[in-house]
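my_file.tsv follows; it contains TSV, C-alpha atoms.
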```tsv
chain	number	residue	atom	x	y	z
A	99	MET	CA	-1.61	-7.83	-21.42
A	100	ASN	CA	-3.85	-4.88	-22.22
A	101	ILE	CA	-1.67	-2.59	-24.35
A	102	PHE	CA	-3.95	0.37	-23.70
A	103	ALA	CA	-3.59	-0.06	-19.95
A	104	LEU	CA	0.19	-0.33	-20.39
A	105	ILE	CA	0.32	2.97	-22.26
A	106	ALA	CA	-1.96	4.55	-19.66
A	107	SER	CA	0.41	3.52	-16.87
A	108	PHE	CA	2.98	6.08	-18.05
A	109	GLY	CA	0.43	8.80	-17.45
A	110	GLY	CA	-0.57	7.22	-14.15
A	111	GLY	CA	3.01	7.47	-12.96
A	112	ILE	CA	3.12	11.11	-13.95
A	113	ILE	CA	-0.11	11.68	-12.01
A	114	GLY	CA	1.55	10.23	-8.93
A	115	ALA	CA	4.55	12.49	-9.46
A	116	TYR	CA	2.79	15.79	-10.09
A	117	MET	CA	0.16	15.19	-7.44
A	118	GLY	CA	2.44	13.56	-4.89
A	119	ALA	CA	2.48	9.88	-3.92
A	120	LEU	CA	0.29	10.14	-0.83
A	121	PRO	CA	-2.34	12.48	-2.34
A	122	ALA	CA	-2.66	10.09	-5.29
A	123	PHE	CA	-3.06	7.18	-2.91
A	124	ILE	CA	-5.76	9.02	-0.97
A	125	LEU	CA	-7.70	9.29	-4.22
A	126	THR	CA	-7.19	5.55	-4.67
A	127	GLY	CA	-9.03	5.12	-1.40
A	128	VAL	CA	-11.85	7.43	-2.47
A	129	ILE	CA	-12.38	5.55	-5.74
A	130	ALA	CA	-12.16	2.21	-3.91
A	131	ILE	CA	-14.97	3.32	-1.58
A	132	THR	CA	-17.08	4.41	-4.56
A	133	GLY	CA	-16.50	1.24	-6.54
A	134	ALA	CA	-17.08	-1.04	-3.57
A	135	GLY	CA	-20.25	0.84	-2.71
A	136	VAL	CA	-21.61	0.43	-6.24
A	137	ALA	CA	-20.81	-3.30	-6.24
A	138	MET	CA	-22.31	-3.80	-2.78
A	139	ALA	CA	-25.48	-2.08	-3.97
A	140	GLY	CA	-25.76	-4.58	-6.81
A	141	GLY	CA	-24.41	-2.39	-9.59
A	142	SER	CA	-21.81	-3.21	-12.20
A	143	ASP	CA	-18.50	-1.62	-11.26
A	144	MET	CA	-15.33	-1.30	-13.35
A	145	THR	CA	-13.68	1.48	-11.37
A	146	VAL	CA	-11.95	-0.73	-8.80
A	147	GLY	CA	-10.00	-2.82	-11.29
A	148	PHE	CA	-9.26	-0.19	-13.91
A	149	ILE	CA	-8.98	3.02	-11.87
A	150	ALA	CA	-8.44	2.44	-8.14
A	151	PHE	CA	-6.13	-0.54	-8.74
A	152	GLY	CA	-5.39	-0.02	-12.43
A	153	SER	CA	-3.31	2.27	-14.57
A	154	TYR	CA	-4.98	5.48	-13.41
A	155	LEU	CA	-4.54	5.47	-9.62
A	156	GLY	CA	-3.29	1.97	-8.84
A	157	PRO	CA	-0.74	2.06	-6.01
A	158	HIS	CA	1.74	0.10	-8.14
A	159	VAL	CA	1.47	2.81	-10.81
A	160	ALA	CA	0.61	6.23	-9.33
A	161	PHE	CA	1.89	5.83	-5.77
A	162	ALA	CA	5.00	3.98	-6.93
A	163	GLY	CA	5.58	6.62	-9.60
A	164	GLY	CA	5.30	9.35	-7.00
A	165	VAL	CA	7.74	7.57	-4.69
A	166	ALA	CA	10.26	7.21	-7.52
A	167	ALA	CA	9.87	10.83	-8.59
A	168	ALA	CA	10.41	12.06	-5.03
A	169	ALA	CA	13.54	9.90	-4.69
A	170	TYR	CA	14.91	11.26	-7.96
A	171	ALA	CA	14.13	14.85	-6.98
A	172	GLY	CA	15.78	14.29	-3.61
A	173	LYS	CA	18.93	12.95	-5.26
A	174	GLN	CA	19.01	15.97	-7.57
A	175	LYS	CA	18.66	18.30	-4.56
A	176	LYS	CA	15.42	19.66	-5.94
A	177	LEU	CA	13.45	18.35	-2.95
A	178	GLY	CA	14.27	18.53	0.73
A	179	SER	CA	14.15	14.75	1.11
A	180	GLY	CA	13.69	11.83	-1.24
A	181	THR	CA	11.34	10.35	1.37
A	182	ASP	CA	8.82	13.17	0.87
A	183	ILE	CA	5.66	11.46	-0.38
A	184	LEU	CA	3.34	14.31	0.64
A	185	SER	CA	4.52	17.13	-1.60
A	186	SER	CA	3.12	17.82	-5.05
A	187	LEU	CA	6.19	17.60	-7.26
A	188	ASN	CA	4.57	19.70	-9.93
A	189	GLY	CA	5.77	22.64	-7.86
A	190	LEU	CA	9.36	21.79	-8.77
A	191	CYS	CA	8.72	22.64	-12.44
A	192	ASP	CA	11.17	19.89	-13.40
A	193	PRO	CA	10.16	17.81	-16.45
A	194	MET	CA	12.57	14.98	-15.65
A	195	THR	CA	11.00	14.43	-12.23
A	196	LEU	CA	7.63	13.88	-13.90
A	197	ILE	CA	9.19	11.61	-16.53
A	198	VAL	CA	10.77	9.46	-13.81
A	199	GLY	CA	7.30	9.10	-12.31
A	200	GLY	CA	5.95	7.98	-15.68
A	201	ILE	CA	8.76	5.48	-16.21
A	202	PHE	CA	8.14	3.88	-12.84
A	203	GLY	CA	4.41	3.85	-13.54
A	204	VAL	CA	5.18	1.63	-16.53
A	205	PHE	CA	7.64	-0.39	-14.46
A	206	GLY	CA	4.96	-0.98	-11.85
A	207	PHE	CA	2.47	-2.10	-14.48
A	208	LEU	CA	4.96	-4.60	-15.93
A	209	VAL	CA	5.99	-5.99	-12.53
A	210	HIS	CA	2.31	-6.37	-11.59
A	211	TYR	CA	1.72	-8.27	-14.83
A	212	LEU	CA	4.75	-10.47	-14.24
A	213	MET	CA	3.77	-11.29	-10.66
A	214	GLY	CA	0.14	-12.03	-11.48
A	215	SER	CA	-0.21	-13.27	-15.04
A	216	ILE	CA	3.11	-15.08	-15.44
A	217	LEU	CA	4.28	-16.11	-11.97
A	218	HIS	CA	0.73	-16.35	-10.54
A	219	LEU	CA	1.78	-15.27	-7.07
A	220	ASN	CA	-0.96	-15.88	-4.54
A	221	THR	CA	-0.74	-12.53	-2.80
A	222	ASP	CA	-1.70	-8.87	-3.11
A	223	LEU	CA	-0.21	-7.82	-6.44
A	224	PRO	CA	-0.25	-4.02	-5.98
A	225	GLY	CA	1.40	-4.46	-2.57
A	226	ILE	CA	4.28	-6.63	-3.72
A	227	THR	CA	4.77	-4.44	-6.78
A	228	VAL	CA	4.97	-1.27	-4.68
A	229	VAL	CA	7.68	-2.91	-2.57
A	230	ILE	CA	9.69	-4.19	-5.55
A	231	SER	CA	9.49	-0.78	-7.21
A	232	ALA	CA	10.52	1.03	-4.01
A	233	ILE	CA	13.52	-1.25	-3.47
A	234	ALA	CA	14.62	-0.66	-7.06
A	235	VAL	CA	14.23	3.08	-6.49
A	236	ARG	CA	16.28	2.90	-3.28
A	237	PHE	CA	19.22	1.26	-5.00
A	238	LEU	CA	18.92	3.53	-8.03
A	239	PHE	CA	18.51	6.91	-6.31
A	240	GLY	CA	19.28	6.33	-2.63
A	241	THR	CA	22.53	6.23	-0.71
A	242	SER	CA	21.43	4.62	2.56
A	243	GLY	CA	21.28	0.98	1.48
A	244	LEU	CA	18.34	-1.36	1.85
A	245	ILE	CA	17.71	-0.88	5.58
A	246	GLY	CA	19.27	2.54	6.10
A	247	LYS	CA	22.23	3.71	8.09
A	248	ALA	CA	21.59	4.44	11.74
A	249	PRO	CA	24.04	6.76	13.55
A	250	GLU	CA	26.74	4.84	15.42
A	251	SER	CA	25.60	6.39	18.70
A	252	GLU	CA	22.03	5.18	18.21
A	253	LYS	CA	20.87	1.65	18.97
A	254	ARG	CA	18.71	0.34	16.17
A	255	GLU	CA	15.16	-0.56	17.19
A	256	TYR	CA	12.87	-2.83	15.22
A	257	PHE	CA	9.65	-2.08	17.10
A	258	THR	CA	8.25	1.01	18.78
A	259	ALA	CA	8.83	0.61	22.50
A	260	GLY	CA	6.80	1.46	25.60
A	261	ASN	CA	3.42	3.13	25.20
A	262	GLY	CA	3.94	3.23	21.44
A	263	MET	CA	3.93	-0.57	21.36
A	264	ILE	CA	0.77	-0.69	23.46
A	265	CYS	CA	-0.92	1.83	21.18
A	266	ASN	CA	0.03	-0.20	18.11
A	267	VAL	CA	-1.49	-3.33	19.65
A	268	LEU	CA	-4.66	-1.42	20.55
A	269	LEU	CA	-4.81	0.09	17.06
A	270	GLY	CA	-4.72	-3.35	15.48
A	271	LEU	CA	-7.11	-4.78	18.05
A	272	GLY	CA	-9.64	-1.98	17.70
A	273	LEU	CA	-9.71	-1.75	13.92
A	274	GLY	CA	-9.39	-5.51	13.45
A	275	THR	CA	-12.27	-6.20	15.83
A	276	THR	CA	-14.50	-3.65	14.16
A	277	VAL	CA	-13.74	-4.93	10.67
A	278	GLY	CA	-14.15	-8.56	11.69
A	279	PHE	CA	-17.36	-8.29	13.66
A	280	VAL	CA	-19.06	-5.90	11.21
A	281	TYR	CA	-18.38	-8.54	8.54
A	282	GLN	CA	-20.00	-11.16	10.79
A	283	ALA	CA	-22.95	-8.84	11.39
A	284	LEU	CA	-23.40	-8.58	7.62
A	285	VAL	CA	-23.32	-12.37	7.32
A	286	THR	CA	-25.93	-12.89	10.02
A	287	SER	CA	-28.10	-10.23	8.41
A	288	GLY	CA	-28.15	-12.22	5.18
A	289	ALA	CA	-25.96	-9.91	3.12
A	290	ALA	CA	-25.54	-10.93	-0.50
A	291	ASP	CA	-22.31	-12.37	-1.84
A	292	ALA	CA	-21.66	-9.11	-3.73
A	293	VAL	CA	-21.70	-7.24	-0.43
A	294	LEU	CA	-19.39	-9.67	1.33
A	295	GLY	CA	-17.03	-9.91	-1.64
A	296	SER	CA	-16.55	-6.15	-1.84
A	297	TYR	CA	-16.23	-5.65	1.91
A	298	PRO	CA	-12.38	-5.89	2.01
A	299	ILE	CA	-12.13	-3.26	-0.74
A	300	LEU	CA	-14.46	-0.96	1.18
A	301	CYS	CA	-12.45	-1.37	4.39
A	302	PHE	CA	-9.24	-0.68	2.51
A	303	GLY	CA	-10.75	2.38	0.84
A	304	ILE	CA	-12.00	3.92	4.09
A	305	ALA	CA	-8.59	3.51	5.71
A	306	ALA	CA	-6.72	4.82	2.66
A	307	ALA	CA	-8.99	7.86	2.38
A	308	SER	CA	-8.43	8.60	6.08
A	309	LEU	CA	-4.84	9.50	5.17
A	310	ILE	CA	-6.23	12.89	4.13
A	311	PHE	CA	-5.85	13.73	7.82
A	312	THR	CA	-2.21	12.66	7.75
A	313	GLN	CA	-1.69	14.75	4.62
A	314	THR	CA	-3.10	17.80	6.37
A	315	GLY	CA	-0.78	17.50	9.36
A	316	PHE	CA	-2.62	15.45	11.96
A	317	ALA	CA	-1.17	12.42	13.75
A	318	THR	CA	-3.45	9.96	11.97
A	319	PRO	CA	-1.62	6.68	11.36
A	320	ALA	CA	-1.68	4.60	8.19
A	321	THR	CA	-4.21	1.83	8.81
A	322	HIS	CA	-5.08	0.44	5.37
A	323	HIS	CA	-2.82	-2.56	5.95
A	324	ILE	CA	-4.68	-3.33	9.17
A	325	ALA	CA	-8.17	-2.84	7.72
A	326	LEU	CA	-7.54	-4.83	4.56
A	327	ILE	CA	-5.75	-7.72	6.25
A	328	ALA	CA	-8.39	-7.99	8.98
A	329	ALA	CA	-11.14	-8.02	6.36
A	330	LEU	CA	-9.36	-10.65	4.27
A	331	ALA	CA	-8.77	-12.81	7.34
A	332	VAL	CA	-12.40	-12.83	8.43
A	333	ALA	CA	-13.69	-13.29	4.88
A	334	ALA	CA	-11.32	-16.19	4.25
A	335	SER	CA	-11.84	-17.90	7.59
A	336	GLY	CA	-15.45	-17.08	8.36
A	337	ASN	CA	-14.36	-16.31	11.92
A	338	PRO	CA	-14.60	-12.69	13.14
A	339	VAL	CA	-11.94	-13.32	15.79
A	340	MET	CA	-9.46	-13.74	12.93
A	341	GLY	CA	-10.08	-10.09	12.12
A	342	THR	CA	-8.89	-9.14	15.59
A	343	ILE	CA	-5.89	-11.47	15.53
A	344	PHE	CA	-4.70	-10.45	12.09
A	345	GLY	CA	-5.42	-6.80	12.84
A	346	ILE	CA	-2.94	-6.94	15.71
A	347	ILE	CA	-0.41	-8.88	13.63
A	348	ALA	CA	-0.72	-6.39	10.77
A	349	SER	CA	-0.23	-3.42	13.09
A	350	LEU	CA	2.91	-4.90	14.65
A	351	LEU	CA	4.34	-6.12	11.35
A	352	GLY	CA	3.77	-2.69	9.84
A	353	ASP	CA	5.70	-1.14	12.71
A	354	PHE	CA	8.53	-3.63	12.22
A	355	MET	CA	8.68	-2.88	8.49
A	356	ALA	CA	8.76	0.86	9.18
A	357	LYS	CA	11.59	0.56	11.67
A	358	THR	CA	13.53	-1.86	9.47
A	359	PHE	CA	13.11	-0.50	5.95
A	360	ASN	CA	11.97	3.09	6.39
A	361	SER	CA	14.18	4.51	9.15
A	362	HIS	CA	17.43	6.40	8.54
A	363	CYS	CA	16.80	6.25	4.80
A	364	ASP	CA	16.68	8.74	1.95
A	365	THR	CA	13.92	7.10	-0.12
A	366	HIS	CA	10.53	5.66	0.81
A	367	VAL	CA	9.83	1.92	1.09
A	368	ASP	CA	6.19	1.55	2.06
A	369	PRO	CA	5.61	-0.41	5.31
A	370	PRO	CA	1.86	-0.99	4.72
A	371	ALA	CA	2.48	-2.41	1.24
A	372	PHE	CA	5.14	-4.72	2.68
A	373	THR	CA	2.71	-5.84	5.38
A	374	ILE	CA	-0.20	-6.35	2.99
A	375	PHE	CA	1.58	-8.59	0.52
A	376	ILE	CA	3.20	-10.74	3.22
A	377	LEU	CA	0.04	-11.26	5.25
A	378	THR	CA	-2.19	-11.75	2.21
A	379	PHE	CA	0.12	-14.59	1.23
A	380	VAL	CA	-0.10	-15.99	4.77
A	381	ILE	CA	-3.90	-15.77	4.87
A	382	ASN	CA	-4.22	-17.44	1.47
A	383	ALA	CA	-1.82	-20.17	2.55
A	384	ILE	CA	-3.60	-20.84	5.86
A	385	PHE	CA	-7.19	-20.68	4.68
A	386	GLY	CA	-6.60	-21.86	1.12
A	387	ASN	CA	-8.87	-19.38	-0.64
A	388	GLY	CA	-6.47	-17.21	-2.59
A	389	PHE	CA	-9.44	-15.07	-3.58
A	390	PHE	CA	-7.91	-11.64	-3.31
A	391	SER	CA	-5.57	-10.52	-6.07
A	392	VAL	CA	-6.39	-7.20	-7.71
```
Kindly transcribe the structure held in the file into structure tokens.
Amino acid sequence: MNIFALIASFGGGIIGAYMGALPAFILTGVIAITGAGVAMAGGSDMTVGFIAFGSYLGPHVAFAGGVAAAAYAGKQKKLGSGTDILSSLNGLCDPMTLIVGGIFGVFGFLVHYLMGSILHLNTDLPGITVVISAIAVRFLFGTSGLIGKAPESEKREYFTAGNGMICNVLLGLGLGTTVGFVYQALVTSGAADAVLGSYPILCFGIAAASLIFTQTGFATPATHHIALIAALAVAASGNPVMGTIFGIIASLLGDFMAKTFNSHCDTHVDPPAFTIFILTFVINAIFGNGFFSV
């Protein structure tokens, strides 16, 4: 364990709190694009491991810290909803809200270390850590239980119905096909191993950075779980069609996770993180590579 990174994670959690969970995650995407681009160009990059997925902006530190801080602020009636991951909580001028973010930044760092260095789980470590942290936050600060409390008059749905379902399938198909067949185009063009190895990070970063449009009020969906999983599937299998197949699966699983764990709730459990860690495990199990674990 790097003690300096552990100490830094407290500050990373505060960053996620004062900036807001989603804005911090958008910056994760920006840094991931930069780091992947440097690596694909043949340079030596340390920003992905230590900044984008480390104690500075790692989702398990900054995003998770922001989620925890919002849940705490919601419970204290200082924020309209504990599910608010868009607002900068610095505007609350509440020291304890920022401290909660810092505490959960450290918690995220320790869980990540436990999952990877001790238990050696063959999945996406930031993803599973974000989920574990969010579930802990829900039971600590929430009142709606693990899967929320739907009104008695409302039938609980686990997938978006009708045209929404069709759009989700097309979203996964479109993004998964693009990710998969661009990877294959790189292979046939003779791209170096450094390019192919950083491709999933680049795809993730582009999708994560696109959430700037969501942050600013447009109906742009979260797609980083689709882009990353599609890229991992094609890289692990060597078959671009796997990008399409896993893109569709990721889109539908993300919808299921949102309906199941993030509806009728008063804290945020992240559906893309849930989707990423489950499907990364599946891809590693099917194709036997286990190469992706930030």
Enter the distance from CA of Ile245 (chain A) to CA of His218 (chain A), in Å, rounded to one decimal.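 That distance, rounded to one decimal, is 28.1 Å.
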Just the residues within 7 Å of region 363-365 of chain A, please, counting all atoms listed in the file, with nothing from its chain fewer than 3 positions along; format it as an NGL selection string. :A and (169 or 179-181 or 236 or 240-242 or 246-247 or 360)
Place a sphere of radius 6 Å on (-6.7, 14.2, 1.2) in the file coordinates and name every protein, DNA or RNA residue with an atom inside or on its surface, counting only C-alpha atoms; give the answer as an MDAnalysis selection string. chainID A and resid 121 124 310
I'd like the contact shell of Val128 (chain A) - 7 Å cut-off, all atoms listed in the file, skipping same-chain residues fewer than 3 positions apart - returned as a VMD selection string. chain A and resid 124 to 125 131 to 132 303 307
Compare A:Met138, A:Val267, A:Ile233, A:Val209 by their minimum atom-to-atom distance to Leu284 (chain A), counting only C-alpha atoms, and give me the closest one.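 Residue with the minimum atom-to-atom distance to Leu284 (chain A): A:Met138.
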Which is closer to Ile105 (chain A) than all the others in A:Val380, A:Ala329, A:Phe359, A:Ser153, using all atoms listed in the file?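 The closest residue to Ile105 (chain A) is A:Ser153.
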Find the residues near region 330-343 of chain A: any atom within 6 Å, counting all atoms listed in the file, skip ones fewer than 6 places away on the same chain, and give them as a PDB file with C-alpha atoms, in the frame of the given file.
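Ended up saving to out.pdb:
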```pdb
ATOM      1  CA  LEU A 271      -7.110  -4.780  18.050  1.00  0.00           C
ATOM      2  CA  GLY A 274      -9.390  -5.510  13.450  1.00  0.00           C
ATOM      3  CA  THR A 275     -12.270  -6.200  15.830  1.00  0.00           C
ATOM      4  CA  GLY A 278     -14.150  -8.560  11.690  1.00  0.00           C
ATOM      5  CA  PHE A 279     -17.360  -8.290  13.660  1.00  0.00           C
TER       6      PHE A 279
END
```
Using only C-alpha atoms, which of the listed residues (A:Leu377, A:Val293, A:Cys301, A:Ala348) sits closest to Gly140 (chain A)? A:Val293
Between A:Ala292, A:Leu177, A:Ile374, A:Met144, which is the closest to Ala328 (chain A) once you count all atoms listed in the file? A:Ile374
With distances taken over only C-alpha atoms, the candidate from A:Met99, A:Ala130, A:Ala166, A:Ile230 nearest Ala305 (chain A) is A:Ala130
Listed atoms of region 341-344 of chain A boxed axis-aligned with 3 Å per side, centre + edges as JSON:
```
{"center_x": -7.4, "center_y": -10.3, "center_z": 13.8, "size_x": 11.4, "size_y": 8.3, "size_z": 9.5}
```
